[in-house]
Amino acid sequence: MAMAALPLALLVAASGLARVRAQGEIRWAGDLQGGEPYVFRDPRDPSKLVGFELELVRALAAKLGLGERFVQNDWSNLVPSLERGDFDLIVNGLEDTQALRGRILVSRPYFTFAEQLVVRRGSTLRSLDALRGHRVGTLASSLAHQILRGRPGIEIVLYGGQEEPYRDLELHRTDAVLLDSIIATRYGLSKPDLELADPDVARGSYVIGLRKGDGDLRDAVDSALAALEAEGELHRIYARWHLPELPAPAPRADEPPPATFDLQQVALFFKGAGVTLAISLLAMALAVPLGLSLALGRLYGGALMRLCAHAYIELFRGTPVLLQLYILYYGIAPLVHLPALAAAILGLGMNYGAYEAEVQRAALQAIPAAQSEAAAALGLSRGQSLRLVLLPQALRTALPAMTNDLIALLKDSSLVSVITVVELTKQMTITAVDVRSWALPGALCAAIYFAMSYPLARLAARLEARLEAAGEEPVAAPAT
Amino acid sequence: MIVRVQGLEKAHGARQVLRGVDAQVARCETIAIVGPSGAGKSTFLRCLNGLVSFDAGAVEIAGMSLTPRTPPDSPALRPLRARVGMVFQSFHLFPHLTALENVLLAPVHVKRETREAAEERGRALLGRVGLGDRCAARPMQLSGGQQQRVAIARALAMEPEVLLLDEPTSALDPEMRGEVLSVLRDLAGTTTMLVVTHEMWFARNAASRIWVFDEGRLIEDGPPSQVTENPRTDRARAFFRAVK
Ligand SMILES: Nc1ncnc2c1ncn2[C@@H]1O[C@H](COP(=O)(O)OP(=O)(O)O)[C@@H](O)[C@H]1O
Ligand SMILES: [Mg+2]
């Protein structure tokens, strides 16, 4: 729908203002997952949206004599979606940074916040200086992230949502969280074990994001905001949502100049690639023996073992790996306290184990029954027959499918960024925001993935050809 | 008697395959088992090493006894199988192992021979079946006749007291049958063998006795000349007329 609207919009309007007038409404985007108090589903009536940003946009649209329509968009991709024309405005806690201004147009600030440092109650590490050499959580590509990167020695742990940084702080996985006052109040300080260490590390402001070229729309939005402020309407909205208003920030002198895509960035990419490769190989090293045990349990085990193996396979294949990673890292954290990297390897390994189990089972079942009969006729025990006759043959026929699974795993490993592991794809998105362009980081990221998976694909093809030459059928990879 | 079978009965579902077979084999005899297809010859042979369980009767073989309804994967059968070798119609070599490794497998893992000793004997055995120069070949790289000779060497490597062979030449092209049959002829007289075969020439010349199976019964048992030229039953006569 947005795709169809784009060329039309270009035809009708070189001007953003004329375009939204023609539409009769402002399309604005946010991520409902950001939750309270920005824009979110009314808990009492989930068909309705509420939030201070919704009220702000309504007031704004009314000033412009337009309607408004909300577009849901993943928070981390708001800027690229804006650029490709999916909506007209971003109104979703977008922080005013140099990097952002280099990429899109921004309105005058509509809200000023403080970056707040939250720690565990009684902690002695109560300032950024004291946290040198410690782990501090924040949201990826936020102003707080930028501030932390200006402090060498602090180990930054990146999250995608507001809830998780504070949960990990409670669990001692980090020693502090630096985020803006709205988030800190709602998600951090509501936890009894956490307290405020520094209420005003820095100031920042939220702005409305607009596409480059929509200058006249930006001017219209700015004057509407100014009018709303002068009338006290903004103040009334913030008061309704209990949002404390702070004086606007002084221009930040210490803001680093926008990064360029230099060797240092490339080095970070290769570090990310190393993490991707290590996680994938270790997860596979776990998945293969696990899959083999499951396959054997399913084929040769007693009734109970067969049932358990079957249940495991269906459970892990039937639920998203993202959910499994979440449960492993956050869900069971009160019981088992896994470091992020271990949870990533374990989660992917356990998930792929279910797929490998099916590959191994198919490979074992493809062996003619006469082979076990011949082994039995020689006096080999069942275990020996399995170990010496059946498994070596099954592994050979399963090898191409397993290699293909490793390639898939290489790419699926990007999912572990949800549990704070910075691998290749995550590094790419961080760099892309820093250097204000997706083109070069995206291309390099793709090239590195290709360089890792292409040799594996060739290997799989060779193994397959060798099996076929030997008159054997390689096991087909089950659809992942 | 190294093989003693009494009242052997076996049904596959509703179908009675063996209907009370009694038979005995003395050490170093070669028995040629013939009969029309579906007569129960393979089933009989497989009952002798427990690959098929039987419903009633008794089997004594190589000093061990087999009771009805022993599951084919019962661990109790392992000592028996170590003493009774089997050669299949379609060889069933292990494709991931070389000829020599096929031969070594059971001596090393079942008899716990040292690798060196087993290898030496394995090479000698492959030499004996005319494959001394193909020890490192994989089954894939061998002709059918060569594969069957490796399979015979694999069975002989366990130094079995009884060797069961189920149509060892039926899957082979005619020009390869000779090489396998001549290996079996060399074994005759020194090894106890029960060979299911359609090769009447072999049965007449290499066997000490011929057994004729028909509809699950052993209907003829005697020296080759007597059974082939002067069978006691009409059905055996009809069978020999048909295969001549
Ligand atoms: N596993 C089985 N299940 C059902 N019927 C079988 C099975 N094996 C053999 N039979 C039947 O038993 C009969 C005897 O088979 P078999 O012993 O192979 O005969 P032969 O080797 O003399 O040709 C045949 O009718 C065959 O169809
Ligand atoms: Mg048969």
# chains A, B, ... in the order shown; residues from 1 in each chain; ligands from 1
call {"tool": "residues_near_ligand", "arguments": {"ligand": "ligand 2", "cutoff": "7 Å", "atoms": "only C-alpha atoms and all ligand atoms", "output": "PyMOL selection string"}}
result
chain B and resi 37-38+41-42+166
call {"tool": "write_last_selection", "arguments": {"atoms": "N, CA, C and O atoms", "output": "compact mmCIF listing (two decimals), in the first residue's frame"}}
result
# COMPACT_ATOMS: atom_id res chain seq x y z
N SER B 37 10.40 -71.55 -5.78
CA SER B 37 10.36 -70.27 -5.09
C SER B 37 9.16 -70.21 -4.16
O SER B 37 8.07 -70.66 -4.50
N GLY B 38 9.36 -69.70 -2.96
CA GLY B 38 8.27 -69.61 -1.99
C GLY B 38 8.12 -70.86 -1.15
O GLY B 38 7.22 -70.95 -0.32
N LYS B 41 12.69 -71.94 1.79
CA LYS B 41 14.13 -72.21 1.94
C LYS B 41 14.84 -71.10 2.71
O LYS B 41 15.60 -71.35 3.65
N SER B 42 14.60 -69.83 2.28
CA SER B 42 15.27 -68.71 2.96
C SER B 42 14.82 -68.61 4.41
O SER B 42 15.63 -68.39 5.32
N ASP B 166 22.53 -68.11 1.22
CA ASP B 166 21.20 -68.04 0.61
C ASP B 166 21.32 -67.55 -0.82
O ASP B 166 21.50 -66.35 -1.06
call {"tool": "interface_residues", "arguments": {"of": "chain B", "to": "chain A", "cutoff": "6 Å", "atoms": "only C-alpha atoms", "output": "CSV table (one decimal) with C-alpha atoms, in the first residue's frame"}}
result
chain,number,residue,atom,x,y,z
B,78,ARG,CA,25.3,-63.1,19.7
B,81,ARG,CA,26.0,-65.9,15.4
B,82,ALA,CA,29.7,-65.6,16.1
call {"tool": "select_by_dssp", "arguments": {"residues": "region 10-237 of chain B", "states": "helix (DSSP H, G or I)", "output": "MDAnalysis selection string"}}
result
chainID B and resid 41:48 75:83 99:109 115:128 139:141 144:156 174:187 200:206 224:229 234:237
call {"tool": "residues_around", "arguments": {"residues": "Pro224 (chain B)", "least_positions_apart": "2", "cutoff": "9 Å", "atoms": "only C-alpha atoms", "output": "number ranges by chain"}}
result
B: 32, 203-205, 207-211, 221-222, 226-229
call {"tool": "residues_around", "arguments": {"residues": "Asn73 (chain A)", "least_positions_apart": "5", "cutoff": "12 Å", "atoms": "only C-alpha atoms", "output": "ChimeraX atom specification"}}
result
/A:27-34,39,78-82,86-87,89-92
call {"tool": "write_last_selection", "arguments": {"atoms": "N, CA and C atoms", "output": "compact mmCIF listing (two decimals), in the first residue's frame"}}
result
# COMPACT_ATOMS: atom_id res chain seq x y z
N ARG A 27 0.38 10.97 8.08
CA ARG A 27 0.71 9.59 8.48
C ARG A 27 1.93 9.67 9.38
N TRP A 28 1.79 9.21 10.61
CA TRP A 28 2.93 9.30 11.54
C TRP A 28 3.22 7.93 12.13
N ALA A 29 4.50 7.71 12.42
CA ALA A 29 4.89 6.36 12.82
C ALA A 29 5.53 6.33 14.19
N GLY A 30 5.35 5.19 14.83
CA GLY A 30 6.00 4.90 16.10
C GLY A 30 5.97 3.39 16.28
N ASP A 31 6.52 2.94 17.40
CA ASP A 31 6.50 1.50 17.69
C ASP A 31 5.70 1.30 18.97
N LEU A 32 4.55 0.62 18.84
CA LEU A 32 3.68 0.42 20.00
C LEU A 32 4.40 -0.36 21.09
N GLN A 33 5.42 -1.11 20.69
CA GLN A 33 6.16 -1.91 21.65
C GLN A 33 6.91 -1.02 22.63
N GLY A 34 7.18 0.24 22.22
CA GLY A 34 7.83 1.19 23.11
C GLY A 34 6.99 1.43 24.36
N VAL A 39 3.24 6.00 22.76
CA VAL A 39 1.98 5.66 22.11
C VAL A 39 1.86 4.15 22.24
N LEU A 78 12.77 3.04 12.08
CA LEU A 78 11.90 4.18 11.79
C LEU A 78 12.49 5.07 10.69
N VAL A 79 13.80 5.35 10.79
CA VAL A 79 14.40 6.28 9.82
C VAL A 79 14.40 5.71 8.40
N PRO A 80 14.90 4.50 8.20
CA PRO A 80 14.83 3.97 6.82
C PRO A 80 13.40 3.89 6.27
N SER A 81 12.44 3.55 7.13
CA SER A 81 11.05 3.47 6.64
C SER A 81 10.53 4.85 6.26
N LEU A 82 10.94 5.86 7.05
CA LEU A 82 10.55 7.24 6.71
C LEU A 82 11.12 7.59 5.33
N ASP A 86 7.15 5.42 3.77
CA ASP A 86 6.03 4.70 4.38
C ASP A 86 5.11 5.62 5.19
N PHE A 87 5.61 6.79 5.61
CA PHE A 87 4.81 7.72 6.40
C PHE A 87 5.47 9.09 6.32
N LEU A 89 5.79 11.47 9.19
CA LEU A 89 6.49 11.91 10.40
C LEU A 89 6.88 10.73 11.27
N ILE A 90 8.01 10.90 11.97
CA ILE A 90 8.30 10.00 13.08
C ILE A 90 8.03 10.78 14.35
N VAL A 91 7.12 10.27 15.17
CA VAL A 91 6.89 10.91 16.47
C VAL A 91 6.93 9.78 17.49
N ASN A 92 8.13 9.47 17.98
CA ASN A 92 8.25 8.31 18.87
C ASN A 92 9.55 8.38 19.68
call {"tool": "residues_near_ligand", "arguments": {"ligand": "ligand 1", "cutoff": "12 Å", "atoms": "only C-alpha atoms and all ligand atoms", "output": "PyMOL selection string"}}
result
(chain A and resi 369) or (chain B and resi 9-19+33-47+51-54+88-89+165-167+170+195-198+211-218)
call {"tool": "residues_around", "arguments": {"residues": "Leu181 (chain B)", "least_positions_apart": "5", "cutoff": "10 Å", "atoms": "only C-alpha atoms", "output": "VMD selection string"}}
result
chain B and resid 145 149 168 to 169 176 186 to 187 199 202 206
call {"tool": "write_last_selection", "arguments": {"atoms": "N, CA, C and O atoms", "output": "PDB file, in the first residue's frame"}}
result
ATOM      1  N   GLY B 145      30.534 -60.310  -8.578  1.00  0.00           N
ATOM      2  CA  GLY B 145      31.208 -61.547  -8.206  1.00  0.00           C
ATOM      3  C   GLY B 145      32.282 -61.300  -7.160  1.00  0.00           C
ATOM      4  O   GLY B 145      32.437 -62.073  -6.210  1.00  0.00           O
ATOM      5  N   ARG B 149      32.484 -62.571  -3.213  1.00  0.00           N
ATOM      6  CA  ARG B 149      33.647 -63.277  -2.653  1.00  0.00           C
ATOM      7  C   ARG B 149      34.139 -62.578  -1.388  1.00  0.00           C
ATOM      8  O   ARG B 149      34.567 -63.231  -0.438  1.00  0.00           O
ATOM      9  N   PRO B 168      23.734 -67.655  -3.174  1.00  0.00           N
ATOM     10  CA  PRO B 168      24.891 -66.753  -3.279  1.00  0.00           C
ATOM     11  C   PRO B 168      25.205 -66.315  -4.711  1.00  0.00           C
ATOM     12  O   PRO B 168      25.958 -65.357  -4.886  1.00  0.00           O
ATOM     13  N   THR B 169      24.660 -66.989  -5.719  1.00  0.00           N
ATOM     14  CA  THR B 169      25.005 -66.599  -7.091  1.00  0.00           C
ATOM     15  C   THR B 169      23.811 -66.038  -7.868  1.00  0.00           C
ATOM     16  O   THR B 169      23.965 -65.632  -9.017  1.00  0.00           O
ATOM     17  N   MET B 176      29.877 -64.441 -13.855  1.00  0.00           N
ATOM     18  CA  MET B 176      30.520 -64.265 -12.549  1.00  0.00           C
ATOM     19  C   MET B 176      30.170 -65.385 -11.578  1.00  0.00           C
ATOM     20  O   MET B 176      30.728 -65.481 -10.496  1.00  0.00           O
ATOM     21  N   ASP B 186      35.871 -75.153  -3.286  1.00  0.00           N
ATOM     22  CA  ASP B 186      37.100 -75.317  -2.515  1.00  0.00           C
ATOM     23  C   ASP B 186      36.812 -75.484  -1.031  1.00  0.00           C
ATOM     24  O   ASP B 186      37.548 -76.155  -0.312  1.00  0.00           O
ATOM     25  N   LEU B 187      35.735 -74.842  -0.570  1.00  0.00           N
ATOM     26  CA  LEU B 187      35.397 -74.927   0.859  1.00  0.00           C
ATOM     27  C   LEU B 187      34.730 -76.257   1.192  1.00  0.00           C
ATOM     28  O   LEU B 187      34.804 -76.734   2.322  1.00  0.00           O
ATOM     29  N   GLU B 199      21.637 -73.675  -8.730  1.00  0.00           N
ATOM     30  CA  GLU B 199      22.674 -74.233  -9.612  1.00  0.00           C
ATOM     31  C   GLU B 199      22.688 -75.754  -9.451  1.00  0.00           C
ATOM     32  O   GLU B 199      23.355 -76.296  -8.575  1.00  0.00           O
ATOM     33  N   PHE B 202      26.073 -77.393  -9.515  1.00  0.00           N
ATOM     34  CA  PHE B 202      26.810 -77.285  -8.253  1.00  0.00           C
ATOM     35  C   PHE B 202      26.259 -78.284  -7.239  1.00  0.00           C
ATOM     36  O   PHE B 202      27.009 -78.980  -6.557  1.00  0.00           O
ATOM     37  N   ALA B 206      29.089 -80.707  -5.914  1.00  0.00           N
ATOM     38  CA  ALA B 206      29.807 -80.269  -4.717  1.00  0.00           C
ATOM     39  C   ALA B 206      29.112 -80.689  -3.433  1.00  0.00           C
ATOM     40  O   ALA B 206      29.728 -80.727  -2.379  1.00  0.00           O
TER      41      ALA B 206
END
call {"tool": "select_by_dssp", "arguments": {"residues": "chain B", "states": "strand (DSSP E or B)", "output": "ChimeraX atom specification"}}
result
/B:3-12,15-25,30-34,56-61,64-66,84-87,162-166,188,191-196,209-214,217-222
call {"tool": "atom_distance", "arguments": {"atom1": "CA of Leu128 (chain A)", "atom2": "CA of Pro199 (chain A)"}}
result
12.1 Å
call {"tool": "residues_around", "arguments": {"residues": "Ala124 (chain B)", "least_positions_apart": "6", "cutoff": "12 Å", "atoms": "only C-alpha atoms", "output": "PDB file with all heavy atoms, in the first residue's frame"}}
result
ATOM      1  N   LEU B 100      38.931 -55.110   2.960  1.00  0.00           N
ATOM      2  CA  LEU B 100      39.633 -55.650   4.124  1.00  0.00           C
ATOM      3  C   LEU B 100      38.912 -55.260   5.421  1.00  0.00           C
ATOM      4  O   LEU B 100      38.750 -56.091   6.323  1.00  0.00           O
ATOM      5  CB  LEU B 100      41.083 -55.147   4.138  1.00  0.00           C
ATOM      6  CG  LEU B 100      41.957 -55.705   5.259  1.00  0.00           C
ATOM      7  CD1 LEU B 100      42.061 -57.224   5.167  1.00  0.00           C
ATOM      8  CD2 LEU B 100      43.349 -55.084   5.225  1.00  0.00           C
ATOM      9  N   VAL B 103      36.060 -57.377   6.176  1.00  0.00           N
ATOM     10  CA  VAL B 103      36.456 -58.695   6.680  1.00  0.00           C
ATOM     11  C   VAL B 103      36.907 -58.610   8.136  1.00  0.00           C
ATOM     12  O   VAL B 103      36.645 -59.506   8.940  1.00  0.00           O
ATOM     13  CB  VAL B 103      37.567 -59.277   5.773  1.00  0.00           C
ATOM     14  CG1 VAL B 103      38.103 -60.580   6.344  1.00  0.00           C
ATOM     15  CG2 VAL B 103      37.034 -59.495   4.355  1.00  0.00           C
ATOM     16  N   LEU B 104      37.568 -57.490   8.496  1.00  0.00           N
ATOM     17  CA  LEU B 104      38.119 -57.337   9.846  1.00  0.00           C
ATOM     18  C   LEU B 104      37.076 -57.082  10.912  1.00  0.00           C
ATOM     19  O   LEU B 104      37.281 -57.396  12.086  1.00  0.00           O
ATOM     20  CB  LEU B 104      39.013 -56.085   9.891  1.00  0.00           C
ATOM     21  CG  LEU B 104      40.305 -56.064   9.126  1.00  0.00           C
ATOM     22  CD1 LEU B 104      41.017 -54.765   9.431  1.00  0.00           C
ATOM     23  CD2 LEU B 104      41.120 -57.243   9.588  1.00  0.00           C
ATOM     24  N   ALA B 117      46.574 -59.095  14.043  1.00  0.00           N
ATOM     25  CA  ALA B 117      46.306 -60.506  13.776  1.00  0.00           C
ATOM     26  C   ALA B 117      45.137 -60.643  12.805  1.00  0.00           C
ATOM     27  O   ALA B 117      45.193 -61.417  11.832  1.00  0.00           O
ATOM     28  CB  ALA B 117      46.011 -61.241  15.077  1.00  0.00           C
ATOM     29  N   ALA B 118      44.081 -59.857  13.076  1.00  0.00           N
ATOM     30  CA  ALA B 118      42.890 -59.947  12.231  1.00  0.00           C
ATOM     31  C   ALA B 118      43.229 -59.510  10.804  1.00  0.00           C
ATOM     32  O   ALA B 118      42.753 -60.097   9.831  1.00  0.00           O
ATOM     33  CB  ALA B 118      41.778 -59.081  12.800  1.00  0.00           C
ATOM     34  N   GLY B 130      40.700 -65.062  -4.034  1.00  0.00           N
ATOM     35  CA  GLY B 130      41.204 -64.490  -5.285  1.00  0.00           C
ATOM     36  C   GLY B 130      41.170 -62.982  -5.327  1.00  0.00           C
ATOM     37  O   GLY B 130      41.181 -62.383  -6.399  1.00  0.00           O
ATOM     38  N   LEU B 131      41.160 -62.329  -4.149  1.00  0.00           N
ATOM     39  CA  LEU B 131      41.071 -60.863  -4.148  1.00  0.00           C
ATOM     40  C   LEU B 131      42.209 -60.234  -3.353  1.00  0.00           C
ATOM     41  O   LEU B 131      42.061 -59.145  -2.796  1.00  0.00           O
ATOM     42  CB  LEU B 131      39.725 -60.415  -3.556  1.00  0.00           C
ATOM     43  CG  LEU B 131      38.506 -60.756  -4.422  1.00  0.00           C
ATOM     44  CD1 LEU B 131      37.212 -60.485  -3.665  1.00  0.00           C
ATOM     45  CD2 LEU B 131      38.522 -59.957  -5.716  1.00  0.00           C
ATOM     46  N   GLY B 132      43.345 -60.912  -3.314  1.00  0.00           N
ATOM     47  CA  GLY B 132      44.484 -60.420  -2.547  1.00  0.00           C
ATOM     48  C   GLY B 132      44.901 -59.016  -2.933  1.00  0.00           C
ATOM     49  O   GLY B 132      45.418 -58.262  -2.105  1.00  0.00           O
ATOM     50  N   ASP B 133      44.640 -58.637  -4.179  1.00  0.00           N
ATOM     51  CA  ASP B 133      45.081 -57.315  -4.633  1.00  0.00           C
ATOM     52  C   ASP B 133      43.990 -56.257  -4.501  1.00  0.00           C
ATOM     53  O   ASP B 133      44.190 -55.120  -4.881  1.00  0.00           O
ATOM     54  CB  ASP B 133      45.542 -57.398  -6.089  1.00  0.00           C
ATOM     55  CG  ASP B 133      44.466 -57.993  -6.980  1.00  0.00           C
ATOM     56  OD1 ASP B 133      43.534 -58.644  -6.442  1.00  0.00           O
ATOM     57  OD2 ASP B 133      44.538 -57.814  -8.209  1.00  0.00           O
ATOM     58  N   ARG B 134      42.802 -56.624  -3.962  1.00  0.00           N
ATOM     59  CA  ARG B 134      41.716 -55.631  -3.873  1.00  0.00           C
ATOM     60  C   ARG B 134      41.347 -55.286  -2.433  1.00  0.00           C
ATOM     61  O   ARG B 134      40.248 -54.824  -2.157  1.00  0.00           O
ATOM     62  CB  ARG B 134      40.458 -56.142  -4.600  1.00  0.00           C
ATOM     63  CG  ARG B 134      40.637 -56.503  -6.052  1.00  0.00           C
ATOM     64  CD  ARG B 134      41.306 -55.391  -6.869  1.00  0.00           C
ATOM     65  NE  ARG B 134      40.691 -54.086  -6.773  1.00  0.00           N
ATOM     66  CZ  ARG B 134      39.705 -53.644  -7.553  1.00  0.00           C
ATOM     67  NH1 ARG B 134      39.233 -54.411  -8.499  1.00  0.00           N
ATOM     68  NH2 ARG B 134      39.226 -52.439  -7.403  1.00  0.00           N
ATOM     69  N   CYS B 135      42.291 -55.494  -1.519  1.00  0.00           N
ATOM     70  CA  CYS B 135      42.002 -55.261  -0.097  1.00  0.00           C
ATOM     71  C   CYS B 135      41.499 -53.852   0.176  1.00  0.00           C
ATOM     72  O   CYS B 135      40.631 -53.631   1.026  1.00  0.00           O
ATOM     73  CB  CYS B 135      43.261 -55.487   0.738  1.00  0.00           C
ATOM     74  SG  CYS B 135      43.713 -57.208   0.854  1.00  0.00           S
ATOM     75  N   VAL B 150      34.080 -61.219  -1.377  1.00  0.00           N
ATOM     76  CA  VAL B 150      34.420 -60.501  -0.136  1.00  0.00           C
ATOM     77  C   VAL B 150      33.449 -60.915   0.970  1.00  0.00           C
ATOM     78  O   VAL B 150      33.852 -61.149   2.119  1.00  0.00           O
ATOM     79  CB  VAL B 150      34.379 -58.969  -0.337  1.00  0.00           C
ATOM     80  CG1 VAL B 150      34.584 -58.256   0.997  1.00  0.00           C
ATOM     81  CG2 VAL B 150      35.424 -58.524  -1.338  1.00  0.00           C
ATOM     82  N   ALA B 153      34.487 -64.143   2.349  1.00  0.00           N
ATOM     83  CA  ALA B 153      35.660 -63.960   3.205  1.00  0.00           C
ATOM     84  C   ALA B 153      35.259 -63.337   4.537  1.00  0.00           C
ATOM     85  O   ALA B 153      35.777 -63.712   5.597  1.00  0.00           O
ATOM     86  CB  ALA B 153      36.688 -63.075   2.500  1.00  0.00           C
ATOM     87  N   ARG B 154      34.310 -62.392   4.496  1.00  0.00           N
ATOM     88  CA  ARG B 154      33.842 -61.740   5.730  1.00  0.00           C
ATOM     89  C   ARG B 154      33.229 -62.776   6.671  1.00  0.00           C
ATOM     90  O   ARG B 154      33.462 -62.752   7.884  1.00  0.00           O
ATOM     91  CB  ARG B 154      32.810 -60.668   5.376  1.00  0.00           C
ATOM     92  CG  ARG B 154      32.236 -59.956   6.577  1.00  0.00           C
ATOM     93  CD  ARG B 154      31.316 -58.820   6.188  1.00  0.00           C
ATOM     94  NE  ARG B 154      30.049 -59.270   5.626  1.00  0.00           N
ATOM     95  CZ  ARG B 154      29.054 -58.455   5.263  1.00  0.00           C
ATOM     96  NH1 ARG B 154      29.217 -57.140   5.388  1.00  0.00           N
ATOM     97  NH2 ARG B 154      27.944 -58.927   4.765  1.00  0.00           N
ATOM     98  N   LEU B 156      33.851 -66.058   6.580  1.00  0.00           N
ATOM     99  CA  LEU B 156      34.873 -67.032   6.986  1.00  0.00           C
ATOM    100  C   LEU B 156      35.803 -66.470   8.047  1.00  0.00           C
ATOM    101  O   LEU B 156      36.400 -67.224   8.815  1.00  0.00           O
ATOM    102  CB  LEU B 156      35.698 -67.456   5.765  1.00  0.00           C
ATOM    103  CG  LEU B 156      34.970 -68.325   4.729  1.00  0.00           C
ATOM    104  CD1 LEU B 156      35.881 -68.603   3.534  1.00  0.00           C
ATOM    105  CD2 LEU B 156      34.509 -69.645   5.369  1.00  0.00           C
ATOM    106  N   ALA B 157      35.944 -65.135   8.084  1.00  0.00           N
ATOM    107  CA  ALA B 157      36.872 -64.526   9.030  1.00  0.00           C
ATOM    108  C   ALA B 157      36.508 -64.838  10.468  1.00  0.00           C
ATOM    109  O   ALA B 157      37.354 -64.806  11.353  1.00  0.00           O
ATOM    110  CB  ALA B 157      36.908 -63.010   8.820  1.00  0.00           C
TER     111      ALA B 157
END
call {"tool": "residues_around", "arguments": {"residues": "Ala23 (chain B)", "least_positions_apart": "3", "cutoff": "10 Å", "atoms": "only C-alpha atoms", "output": "ChimeraX atom specification"}}
result
/B:3-8,59,211,218,221
call {"tool": "closest_residue", "arguments": {"among": "B:Arg121, B:Arg177, B:His96, B:Arg128", "to": "Leu391 (chain A)", "atoms": "only C-alpha atoms"}}
result
B:His96
call {"tool": "atom_distance", "arguments": {"atom1": "CA of Met305 (chain A)", "atom2": "CA of Ser293 (chain A)"}}
result
10.5 Å
call {"tool": "atom_distance", "arguments": {"atom1": "CA of Phe52 (chain A)", "atom2": "CA of Leu196 (chain A)"}}
result
24.0 Å
call {"tool": "closest_residue", "arguments": {"among": "A:Leu335, A:Leu228, A:Ala197, A:Ile279", "to": "Leu348 (chain A)", "atoms": "only C-alpha atoms"}}
result
A:Ile279
call {"tool": "closest_residue", "arguments": {"among": "A:Gly67, A:Pro165, A:Gly204, A:Gly209", "to": "Arg101 (chain A)", "atoms": "only C-alpha atoms"}}
result
A:Gly209
